[in-house]
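Engineer: Sharing my_file-v5.pdb here; it has PDB, C-alpha atoms.
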MODEL        1
ATOM      1  CA  MET W  10      -3.323   1.180 -23.223
ATOM      2  CA  GLY W  11      -0.412   2.891 -24.964
ATOM      3  CA  MET W  12       0.508   6.108 -23.193
ATOM      4  CA  ASN W  13      -3.000   6.695 -21.924
ATOM      5  CA  LYS W  14      -2.641   5.800 -18.283
ATOM      6  CA  LEU W  15      -5.691   5.385 -16.086
ATOM      7  CA  ARG W  16      -5.956   8.566 -14.037
ATOM      8  CA  VAL W  17      -6.718   7.776 -10.414
ATOM      9  CA  ILE W  18      -7.666   9.958  -7.445
ATOM     10  CA  LEU W  19      -7.280   8.516  -3.935
ATOM     11  CA  VAL W  20      -9.614   9.625  -1.165
ATOM     12  CA  ASP W  21      -8.740   8.316   2.304
ATOM     13  CA  ASP W  22      -8.310  10.034   5.645
ATOM     14  CA  HIS W  23      -5.317   7.868   6.591
ATOM     15  CA  ALA W  24      -2.118   9.278   5.115
ATOM     16  CA  VAL W  25      -0.295   5.984   5.641
ATOM     17  CA  ILE W  26      -2.842   4.059   3.582
ATOM     18  CA  ARG W  27      -2.772   6.735   0.878
ATOM     19  CA  GLU W  28       1.019   6.614   0.667
ATOM     20  CA  GLY W  29       0.977   2.838   0.354
ATOM     21  CA  LEU W  30      -1.633   2.986  -2.400
ATOM     22  CA  VAL W  31       0.154   5.765  -4.271
ATOM     23  CA  SER W  32       3.381   3.803  -4.513
ATOM     24  CA  LEU W  33       1.448   0.667  -5.487
ATOM     25  CA  ILE W  34      -0.588   2.375  -8.223
ATOM     26  CA  ASP W  35       2.272   4.485  -9.582
ATOM     27  CA  ALA W  36       4.373   1.333  -9.914
ATOM     28  CA  GLN W  37       1.893   0.035 -12.541
ATOM     29  CA  SER W  38       2.639   0.878 -16.151
ATOM     30  CA  ASP W  39      -1.016   1.551 -16.980
ATOM     31  CA  MET W  40      -2.139   3.867 -14.166
ATOM     32  CA  GLN W  41      -1.090   6.832 -12.071
ATOM     33  CA  VAL W  42      -2.373   8.776  -9.087
ATOM     34  CA  ILE W  43      -3.149  12.326 -10.196
ATOM     35  CA  ALA W  44      -4.403  13.614  -6.824
ATOM     36  CA  GLN W  45      -5.115  12.636  -3.231
ATOM     37  CA  ALA W  46      -7.677  13.833  -0.746
ATOM     38  CA  GLY W  47      -8.155  13.319   2.977
ATOM     39  CA  ASP W  48     -11.947  13.548   3.087
ATOM     40  CA  GLY W  49     -15.017  13.287   0.892
ATOM     41  CA  ARG W  50     -15.445  16.993   0.333
ATOM     42  CA  GLU W  51     -11.864  17.450  -0.838
ATOM     43  CA  GLY W  52     -12.270  14.329  -2.984
ATOM     44  CA  ILE W  53     -15.261  15.874  -4.753
ATOM     45  CA  GLU W  54     -13.312  19.079  -5.446
ATOM     46  CA  GLN W  55     -10.370  17.155  -6.900
ATOM     47  CA  ALA W  56     -12.692  15.020  -9.038
ATOM     48  CA  ARG W  57     -14.502  18.087 -10.417
ATOM     49  CA  LEU W  58     -11.201  19.707 -11.235
ATOM     50  CA  LEU W  59      -9.411  16.716 -12.761
ATOM     51  CA  ARG W  60     -12.203  14.414 -14.038
ATOM     52  CA  PRO W  61     -10.314  11.194 -13.250
ATOM     53  CA  ASP W  62     -11.064   7.752 -14.739
ATOM     54  CA  VAL W  63     -11.310   6.165 -11.287
ATOM     55  CA  VAL W  64     -11.744   7.459  -7.752
ATOM     56  CA  VAL W  65     -10.612   5.039  -5.033
ATOM     57  CA  MET W  66     -12.885   6.098  -2.194
ATOM     58  CA  ASP W  67     -12.589   5.260   1.477
ATOM     59  CA  VAL W  68     -16.050   4.633   2.920
ATOM     60  CA  SER W  69     -15.745   5.909   6.487
ATOM     61  CA  MET W  70     -14.175   9.357   6.734
ATOM     62  CA  PRO W  71     -14.786  12.454   8.839
ATOM     63  CA  GLU W  72     -16.429  15.541   7.299
ATOM     64  CA  MET W  73     -18.186  13.647   4.536
ATOM     65  CA  ASN W  74     -18.313   9.884   4.153
ATOM     66  CA  GLY W  75     -17.546   7.948   0.993
ATOM     67  CA  ILE W  76     -21.166   7.104   0.251
ATOM     68  CA  GLU W  77     -22.253  10.730   0.153
ATOM     69  CA  ALA W  78     -19.135  11.749  -1.806
ATOM     70  CA  THR W  79     -19.752   8.906  -4.287
ATOM     71  CA  ARG W  80     -23.314  10.085  -4.854
ATOM     72  CA  ILE W  81     -22.202  13.647  -5.610
ATOM     73  CA  ILE W  82     -19.307  12.656  -7.889
ATOM     74  CA  LYS W  83     -21.494  10.243  -9.871
ATOM     75  CA  ARG W  84     -24.208  12.862 -10.264
ATOM     76  CA  GLU W  85     -21.726  15.302 -11.791
ATOM     77  CA  LEU W  86     -19.242  12.995 -13.514
ATOM     78  CA  ALA W  87     -21.041  10.055 -15.092
ATOM     79  CA  GLU W  88     -17.853   8.786 -16.757
ATOM     80  CA  THR W  89     -15.816   8.579 -13.563
ATOM     81  CA  ARG W  90     -15.858   5.116 -11.959
ATOM     82  CA  ILE W  91     -15.804   4.762  -8.208
ATOM     83  CA  LEU W  92     -14.079   1.939  -6.363
ATOM     84  CA  ALA W  93     -15.003   1.854  -2.680
ATOM     85  CA  LEU W  94     -12.229   0.950  -0.271
ATOM     86  CA  THR W  95     -13.293  -0.192   3.144
ATOM     87  CA  ALA W  96     -12.148  -1.946   6.274
ATOM     88  CA  TYR W  97     -15.513  -3.658   6.680
ATOM     89  CA  ASP W  98     -17.164  -6.359   4.618
ATOM     90  CA  ASN W  99     -20.558  -4.907   5.351
ATOM     91  CA  PRO W 100     -23.470  -5.796   3.005
ATOM     92  CA  VAL W 101     -25.392  -2.688   4.073
ATOM     93  CA  TYR W 102     -22.487  -0.469   3.007
ATOM     94  CA  MET W 103     -22.326  -2.371  -0.256
ATOM     95  CA  ARG W 104     -25.964  -1.706  -1.024
ATOM     96  CA  GLN W 105     -25.684   1.967  -0.106
ATOM     97  CA  LEU W 106     -22.559   2.333  -2.240
ATOM     98  CA  ALA W 107     -24.253   0.613  -5.179
ATOM     99  CA  GLU W 108     -27.204   2.945  -4.918
ATOM    100  CA  ALA W 109     -24.815   5.899  -4.745
ATOM    101  CA  GLY W 110     -23.116   4.711  -7.956
ATOM    102  CA  ALA W 111     -19.968   2.808  -6.979
ATOM    103  CA  THR W 112     -19.208  -0.144  -9.249
ATOM    104  CA  GLY W 113     -16.636  -1.881  -7.081
ATOM    105  CA  TYR W 114     -15.896  -2.654  -3.471
ATOM    106  CA  VAL W 115     -12.544  -3.797  -2.140
ATOM    107  CA  LEU W 116     -11.340  -4.453   1.396
ATOM    108  CA  LYS W 117      -8.355  -2.564   2.795
ATOM    109  CA  ARG W 118      -6.838  -5.792   4.028
ATOM    110  CA  SER W 119      -6.793  -7.173   0.465
ATOM    111  CA  ALA W 120      -3.642  -8.100  -1.338
ATOM    112  CA  ALA W 121      -2.093  -5.348  -3.448
ATOM    113  CA  GLN W 122      -2.898  -7.195  -6.671
ATOM    114  CA  GLU W 123      -6.565  -7.366  -5.723
ATOM    115  CA  VAL W 124      -6.714  -3.573  -5.434
ATOM    116  CA  ILE W 125      -4.910  -3.098  -8.755
ATOM    117  CA  GLY W 126      -7.177  -5.666 -10.422
ATOM    118  CA  ALA W 127     -10.212  -3.892  -9.000
ATOM    119  CA  ILE W 128      -9.109  -0.511 -10.403
ATOM    120  CA  ARG W 129      -8.613  -2.030 -13.863
ATOM    121  CA  ALA W 130     -11.961  -3.820 -13.708
ATOM    122  CA  VAL W 131     -14.064  -0.792 -12.748
ATOM    123  CA  ALA W 132     -12.172   1.351 -15.270
ATOM    124  CA  SER W 133     -13.174  -1.113 -18.000
ATOM    125  CA  GLY W 134     -16.820  -0.833 -16.984
ATOM    126  CA  ALA W 135     -17.110  -4.091 -15.048
ATOM    127  CA  ASN W 136     -18.383  -4.489 -11.494
ATOM    128  CA  TYR W 137     -15.798  -5.712  -9.027
ATOM    129  CA  PHE W 138     -16.156  -7.367  -5.647
ATOM    130  CA  ASP W 139     -13.448  -8.315  -3.265
ATOM    131  CA  ARG W 140     -12.913 -12.069  -3.318
ATOM    132  CA  ALA W 141     -13.048 -12.114   0.475
ATOM    133  CA  MET W 142     -16.653 -10.985   0.151
ATOM    134  CA  MET W 143     -17.795 -13.367  -2.524
ATOM    135  CA  ASN W 144     -19.368 -15.579   0.124
ATOM    136  CA  GLU W 145     -21.631 -12.641   0.951
ATOM    137  CA  SER W 146     -23.489 -13.704  -2.169
ATOM    138  CA  ASN W 147     -26.816 -12.162  -1.134
ATOM    139  CA  ALA W 148     -25.178  -8.800  -0.655
ATOM    140  CA  VAL W 149     -23.397  -9.105  -3.975
ATOM    141  CA  GLY W 150     -26.616 -10.193  -5.637
ATOM    142  CA  SER W 151     -28.552  -7.209  -4.368
ATOM    143  CA  PHE W 152     -25.621  -4.906  -5.194
ATOM    144  CA  ASN W 153     -25.582  -6.120  -8.783
ATOM    145  CA  ALA W 154     -29.353  -6.195  -9.132
ATOM    146  CA  LYS W 155     -29.468  -2.499  -8.301
ATOM    147  CA  ARG W 156     -26.699  -1.749 -10.763
ATOM    148  CA  LEU W 157     -28.508  -3.611 -13.506
ATOM    149  CA  ARG W 158     -32.046  -2.491 -12.857
ATOM    150  CA  GLY W 159     -33.351  -0.802 -15.959
ATOM    151  CA  GLU W 160     -30.550  -2.130 -18.128
ATOM    152  CA  ILE W 161     -31.708  -5.697 -18.548
ATOM    153  CA  LYS W 162     -34.857  -7.447 -17.402
ATOM    154  CA  SER W 163     -34.065  -9.125 -14.098
ATOM    155  CA  GLY W 164     -33.562 -12.842 -14.389
ATOM    156  CA  GLU W 165     -32.828 -12.605 -18.087
ATOM    157  CA  ILE W 166     -29.072 -12.921 -17.751
ATOM    158  CA  THR W 167     -27.077 -13.443 -14.576
ATOM    159  CA  ASP W 168     -24.557 -10.959 -13.173
ATOM    160  CA  ARG W 169     -21.704 -13.315 -14.025
ATOM    161  CA  GLU W 170     -22.964 -13.738 -17.592
ATOM    162  CA  GLN W 171     -23.140  -9.973 -17.909
ATOM    163  CA  GLU W 172     -19.538  -9.617 -16.714
ATOM    164  CA  VAL W 173     -18.348 -12.269 -19.184
ATOM    165  CA  LEU W 174     -20.280 -10.612 -22.014
ATOM    166  CA  LEU W 175     -18.907  -7.179 -21.118
ATOM    167  CA  LEU W 176     -15.303  -8.405 -21.023
ATOM    168  CA  THR W 177     -15.860 -10.249 -24.328
ATOM    169  CA  ALA W 178     -17.169  -7.022 -25.854
ATOM    170  CA  HIS W 179     -14.037  -5.274 -24.554
ATOM    171  CA  GLY W 180     -11.960  -7.772 -26.531
ATOM    172  CA  TYR W 181     -10.608  -9.957 -23.739
ATOM    173  CA  THR W 182      -9.890 -13.596 -24.574
ATOM    174  CA  ASN W 183     -11.540 -16.426 -22.621
ATOM    175  CA  LYS W 184      -8.246 -17.008 -20.818
ATOM    176  CA  GLU W 185      -7.960 -13.322 -19.826
ATOM    177  CA  ILE W 186     -11.575 -13.270 -18.666
ATOM    178  CA  ALA W 187     -10.977 -16.407 -16.590
ATOM    179  CA  GLU W 188      -7.974 -14.742 -14.916
ATOM    180  CA  ARG W 189      -9.843 -11.517 -14.194
ATOM    181  CA  LEU W 190     -12.889 -13.226 -12.721
ATOM    182  CA  TYR W 191     -10.959 -15.997 -10.959
ATOM    183  CA  ILE W 192     -12.901 -18.747 -12.733
ATOM    184  CA  SER W 193     -11.855 -21.502 -15.158
ATOM    185  CA  VAL W 194     -11.716 -21.044 -18.926
ATOM    186  CA  LYS W 195     -14.347 -23.777 -19.213
ATOM    187  CA  THR W 196     -16.680 -21.816 -16.924
ATOM    188  CA  VAL W 197     -16.113 -18.693 -19.031
ATOM    189  CA  GLU W 198     -17.026 -20.649 -22.168
ATOM    190  CA  THR W 199     -20.195 -21.965 -20.510
ATOM    191  CA  HIS W 200     -21.293 -18.485 -19.365
ATOM    192  CA  LYS W 201     -20.474 -17.072 -22.776
ATOM    193  CA  SER W 202     -22.455 -19.655 -24.737
ATOM    194  CA  ASN W 203     -25.397 -19.341 -22.304
ATOM    195  CA  VAL W 204     -25.567 -15.565 -22.496
ATOM    196  CA  MET W 205     -25.082 -15.477 -26.280
ATOM    197  CA  ALA W 206     -27.922 -17.979 -26.674
ATOM    198  CA  LYS W 207     -30.215 -16.102 -24.263
ATOM    199  CA  LEU W 208     -29.647 -12.809 -26.072
ATOM    200  CA  ASN W 209     -29.537 -14.365 -29.529
ATOM    201  CA  LEU W 210     -26.014 -13.047 -30.256
ATOM    202  CA  LYS W 211     -23.883 -14.863 -32.823
ATOM    203  CA  ASN W 212     -20.355 -13.488 -32.345
ATOM    204  CA  ARG W 213     -18.196 -10.866 -30.665
ATOM    205  CA  ALA W 214     -19.421  -8.105 -33.007
ATOM    206  CA  ASP W 215     -22.971  -8.807 -31.819
ATOM    207  CA  ALA W 216     -21.735  -8.726 -28.222
ATOM    208  CA  VAL W 217     -20.127  -5.313 -28.806
ATOM    209  CA  ARG W 218     -23.313  -3.958 -30.386
ATOM    210  CA  TYR W 219     -25.389  -5.265 -27.499
ATOM    211  CA  ALA W 220     -23.001  -3.793 -24.896
ATOM    212  CA  LEU W 221     -23.053  -0.411 -26.668
ATOM    213  CA  HIS W 222     -26.821  -0.491 -26.845
ATOM    214  CA  GLN W 223     -26.991  -1.212 -23.102
ATOM    215  CA  GLY W 224     -24.661   1.715 -22.415
ATOM    216  CA  TRP W 225     -21.972  -0.575 -20.966
ATOM    217  CA  LEU W 226     -19.362   0.639 -23.451
ATOM    218  CA  ARG W 227     -18.506   4.073 -24.668
ATOM    219  CA  ASP W 228     -18.754   4.326 -28.422
ATOM    220  CA  SER W 229     -15.190   5.410 -29.041
TER
ENDMDL
END
As structure tokens - that is how I would like this structure written.

Structural biologist:
Amino acid sequence: MGMNKLRVILVDDHAVIREGLVSLIDAQSDMQVIAQAGDGREGIEQARLLRPDVVVMDVSMPEMNGIEATRIIKRELAETRILALTAYDNPVYMRQLAEAGATGYVLKRSAAQEVIGAIRAVASGANYFDRAMMNESNAVGSFNAKRLRGEIKSGEITDREQEVLLLTAHGYTNKEIAERLYISVKTVETHKSNVMAKLNLKNRADAVRYALHQGWLRDS
């Protein structure tokens, strides 16, 4: 990352939660909180002004909820990634957030490292789901299906294969991918060989080209 820290805006109506997150995020060498907001409307204003890399967005807030705020921010700032932060592992919320443009969903009761990992993942262009919710596989499936609609023909490659391919294109090693996705290196290798075969890709350069073509990577 060098000196380019991920620029994060926090939107949550609970000051205590915000303070905890600020100290957690600012303690990381690769990210910093550039602004905070107490409701959706204020969050939108800050995002417009500062164009952050990631907005960590509380779902249920007074004035304007996180789903509505997510929709508006995504409409105006395509590059900004939104990580939804919520107290509830609610599949309906997940679907609504996905449709609004969030690419990650993390529970407030999660461990600190989970939140940090989630911010890094969405910033890199991956989808992220709280591990506590992984058993809500139908919700996750429909969440991902909506995200991917129009990018790849459904059923062609799985969500997990897409994540592995995306992280490969970003230059992560199999071991790093395994750590990020909480799966074994062997599983990563299996997903990778499956997806490369399905898409007829020979090597990482092909994976990068494919990811660029799909709009998963910025050409920079």

Engineer: Convert the output of the PyMOL selection byres ((chain W and resi 72) around 7) on the shown file into explicit residues, formatted as an MDAnalysis selection string.

Structural biologist: chainID W and resid 48:49 70:71 73:74

Engineer: As a ChimeraX atom specification, please: the residues near Pro61 of chain W (cut-off 9 Å, only C-alpha atoms, same-chain neighbours under 5 positions excluded).

Structural biologist: /W:15-18,43,55-56,88-90

Engineer: What does the file look like for those residues with C-alpha atoms, as a PDB file, in the coordinates of the input?

Structural biologist:
ATOM      1  CA  LEU W  15      -5.691   5.385 -16.086  1.00  0.00           C
ATOM      2  CA  ARG W  16      -5.956   8.566 -14.037  1.00  0.00           C
ATOM      3  CA  VAL W  17      -6.718   7.776 -10.414  1.00  0.00           C
ATOM      4  CA  ILE W  18      -7.666   9.958  -7.445  1.00  0.00           C
ATOM      5  CA  ILE W  43      -3.149  12.326 -10.196  1.00  0.00           C
ATOM      6  CA  GLN W  55     -10.370  17.155  -6.900  1.00  0.00           C
ATOM      7  CA  ALA W  56     -12.692  15.020  -9.038  1.00  0.00           C
ATOM      8  CA  GLU W  88     -17.853   8.786 -16.757  1.00  0.00           C
ATOM      9  CA  THR W  89     -15.816   8.579 -13.563  1.00  0.00           C
ATOM     10  CA  ARG W  90     -15.858   5.116 -11.959  1.00  0.00           C
TER      11      ARG W  90
END

Engineer: W:Ser32, W:Thr95, W:Thr79, W:Asn13: which is nearest Asp67 of chain W, counting all atoms listed in the file?

Structural biologist: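 The answer is W:Thr95, which sits nearest to Asp67 of chain W.
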
Engineer: Determine the residue membership of the PyMOL selection byres ((chain W and resi 172) around 12) for the file above and supply it as number ranges by chain.

Structural biologist: W: 130-131, 133-138, 153, 157, 166-171, 173-179, 181, 186-187, 189-190, 192, 197, 200-201, 204, 216, 220, 225

Engineer: What does the PyMOL selection byres ((chain W and resi 87) around 12) select in this file, as a count of residues only?

Structural biologist: 25

Engineer: Just how far from atom CA of Ala121 of chain W is atom CA of Ala46 of chain W, in Å to one decimal?

Structural biologist: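 These two atoms are separated by 20.2 Å.
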
Engineer: Could you work out an axis-aligned bounding box for all listed atoms of segment 113-116 of chain W, with 3 Å added on each of the six sides, and give its centre and edge lengths in Å to one decimal, as lines of an AutoDock Vina configuration file?

Structural biologist:
center_x = -14.0
center_y = -3.2
center_z = -2.8
size_x = 11.3
size_y = 8.6
size_z = 14.5

Engineer: From the options W:Leu19, W:Ala132, W:Leu208, W:Val25, which residue's atoms come nearest to Leu94 of chain W, counting all atoms listed in the file?

Structural biologist: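 Looking at the shortest contact to Leu94 of chain W, the residue is W:Leu19.
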
Engineer: Just checking: using all atoms listed in the file, which residue out of W:Ala44, W:Ile53, W:Leu30, W:Ala96 ends up closest to Ser69 of chain W?

Structural biologist: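 Of W:Ala44, W:Ile53, W:Leu30, W:Ala96, the one nearest Ser69 of chain W is W:Ala96, counting all atoms listed in the file.
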
Engineer: In Å to one decimal, how far is atom CA of Pro100 of chain W from atom CA of Ile125 of chain W?

Structural biologist: 22.1 Å

Engineer: Considering all atoms listed in the file, return as a ChimeraX atom specification whatever protein or nucleic-acid residues lie within 10 Å of Val115 of chain W, sequence-local ones (same chain, fewer than 5 positions apart) excluded.

Structural biologist: /W:65-67,92-98,120,123-124,127-128,137-142

Engineer: Please fill the gaps in segment 41-68 of chain W so it has N, CA and C atoms, and write that as a compact mmCIF listing (two decimals), in the coordinates of the input.

Structural biologist:
# COMPACT_ATOMS: atom_id res chain seq x y z
N GLN W 41 -1.84 5.92 -12.94
CA GLN W 41 -1.09 6.83 -12.07
C GLN W 41 -2.05 7.62 -11.19
N VAL W 42 -1.57 7.97 -10.00
CA VAL W 42 -2.37 8.78 -9.09
C VAL W 42 -2.17 10.24 -9.47
N ILE W 43 -3.28 10.92 -9.79
CA ILE W 43 -3.15 12.33 -10.20
C ILE W 43 -3.48 13.28 -9.05
N ALA W 44 -4.11 12.77 -7.98
CA ALA W 44 -4.40 13.61 -6.82
C ALA W 44 -4.80 12.74 -5.65
N GLN W 45 -4.68 13.33 -4.44
CA GLN W 45 -5.12 12.64 -3.23
C GLN W 45 -5.97 13.59 -2.41
N ALA W 46 -6.85 13.00 -1.62
CA ALA W 46 -7.68 13.83 -0.75
C ALA W 46 -7.86 13.11 0.58
N GLY W 47 -8.02 13.89 1.64
CA GLY W 47 -8.15 13.32 2.98
C GLY W 47 -9.58 13.19 3.48
N ASP W 48 -10.54 13.76 2.72
CA ASP W 48 -11.95 13.55 3.09
C ASP W 48 -12.83 13.67 1.85
N GLY W 49 -14.09 13.33 2.02
CA GLY W 49 -15.02 13.29 0.89
C GLY W 49 -15.16 14.61 0.17
N ARG W 50 -15.22 15.68 0.95
CA ARG W 50 -15.44 16.99 0.33
C ARG W 50 -14.28 17.38 -0.58
N GLU W 51 -13.07 17.16 -0.06
CA GLU W 51 -11.86 17.45 -0.84
C GLU W 51 -11.80 16.52 -2.07
N GLY W 52 -12.24 15.29 -1.88
CA GLY W 52 -12.27 14.33 -2.98
C GLY W 52 -13.16 14.81 -4.11
N ILE W 53 -14.32 15.36 -3.75
CA ILE W 53 -15.26 15.87 -4.75
C ILE W 53 -14.62 17.03 -5.52
N GLU W 54 -13.96 17.93 -4.79
CA GLU W 54 -13.31 19.08 -5.45
C GLU W 54 -12.26 18.62 -6.45
N GLN W 55 -11.43 17.67 -6.01
CA GLN W 55 -10.37 17.16 -6.90
C GLN W 55 -10.99 16.49 -8.14
N ALA W 56 -12.05 15.72 -7.93
CA ALA W 56 -12.69 15.02 -9.04
C ALA W 56 -13.27 16.02 -10.04
N ARG W 57 -13.93 17.05 -9.53
CA ARG W 57 -14.50 18.09 -10.42
C ARG W 57 -13.42 18.73 -11.27
N LEU W 58 -12.30 19.01 -10.59
CA LEU W 58 -11.20 19.71 -11.24
C LEU W 58 -10.52 18.83 -12.29
N LEU W 59 -10.29 17.56 -11.95
CA LEU W 59 -9.41 16.72 -12.76
C LEU W 59 -10.13 15.65 -13.58
N ARG W 60 -11.43 15.42 -13.31
CA ARG W 60 -12.20 14.41 -14.04
C ARG W 60 -11.42 13.12 -14.24
N PRO W 61 -11.13 12.41 -13.15
CA PRO W 61 -10.31 11.19 -13.25
C PRO W 61 -11.10 10.04 -13.87
N ASP W 62 -10.40 8.97 -14.26
CA ASP W 62 -11.06 7.75 -14.74
C ASP W 62 -11.66 7.00 -13.55
N VAL W 63 -10.88 6.93 -12.46
CA VAL W 63 -11.31 6.16 -11.29
C VAL W 63 -11.02 6.95 -10.01
N VAL W 64 -11.99 6.94 -9.10
CA VAL W 64 -11.74 7.46 -7.75
C VAL W 64 -11.76 6.26 -6.81
N VAL W 65 -10.66 6.08 -6.06
CA VAL W 65 -10.61 5.04 -5.03
C VAL W 65 -11.04 5.73 -3.75
N MET W 66 -12.21 5.34 -3.24
CA MET W 66 -12.88 6.10 -2.19
C MET W 66 -13.01 5.31 -0.89
N ASP W 67 -12.41 5.85 0.15
CA ASP W 67 -12.59 5.26 1.48
C ASP W 67 -14.05 5.47 1.89
N VAL W 68 -14.64 4.50 2.56
CA VAL W 68 -16.05 4.63 2.92
C VAL W 68 -16.25 5.48 4.16
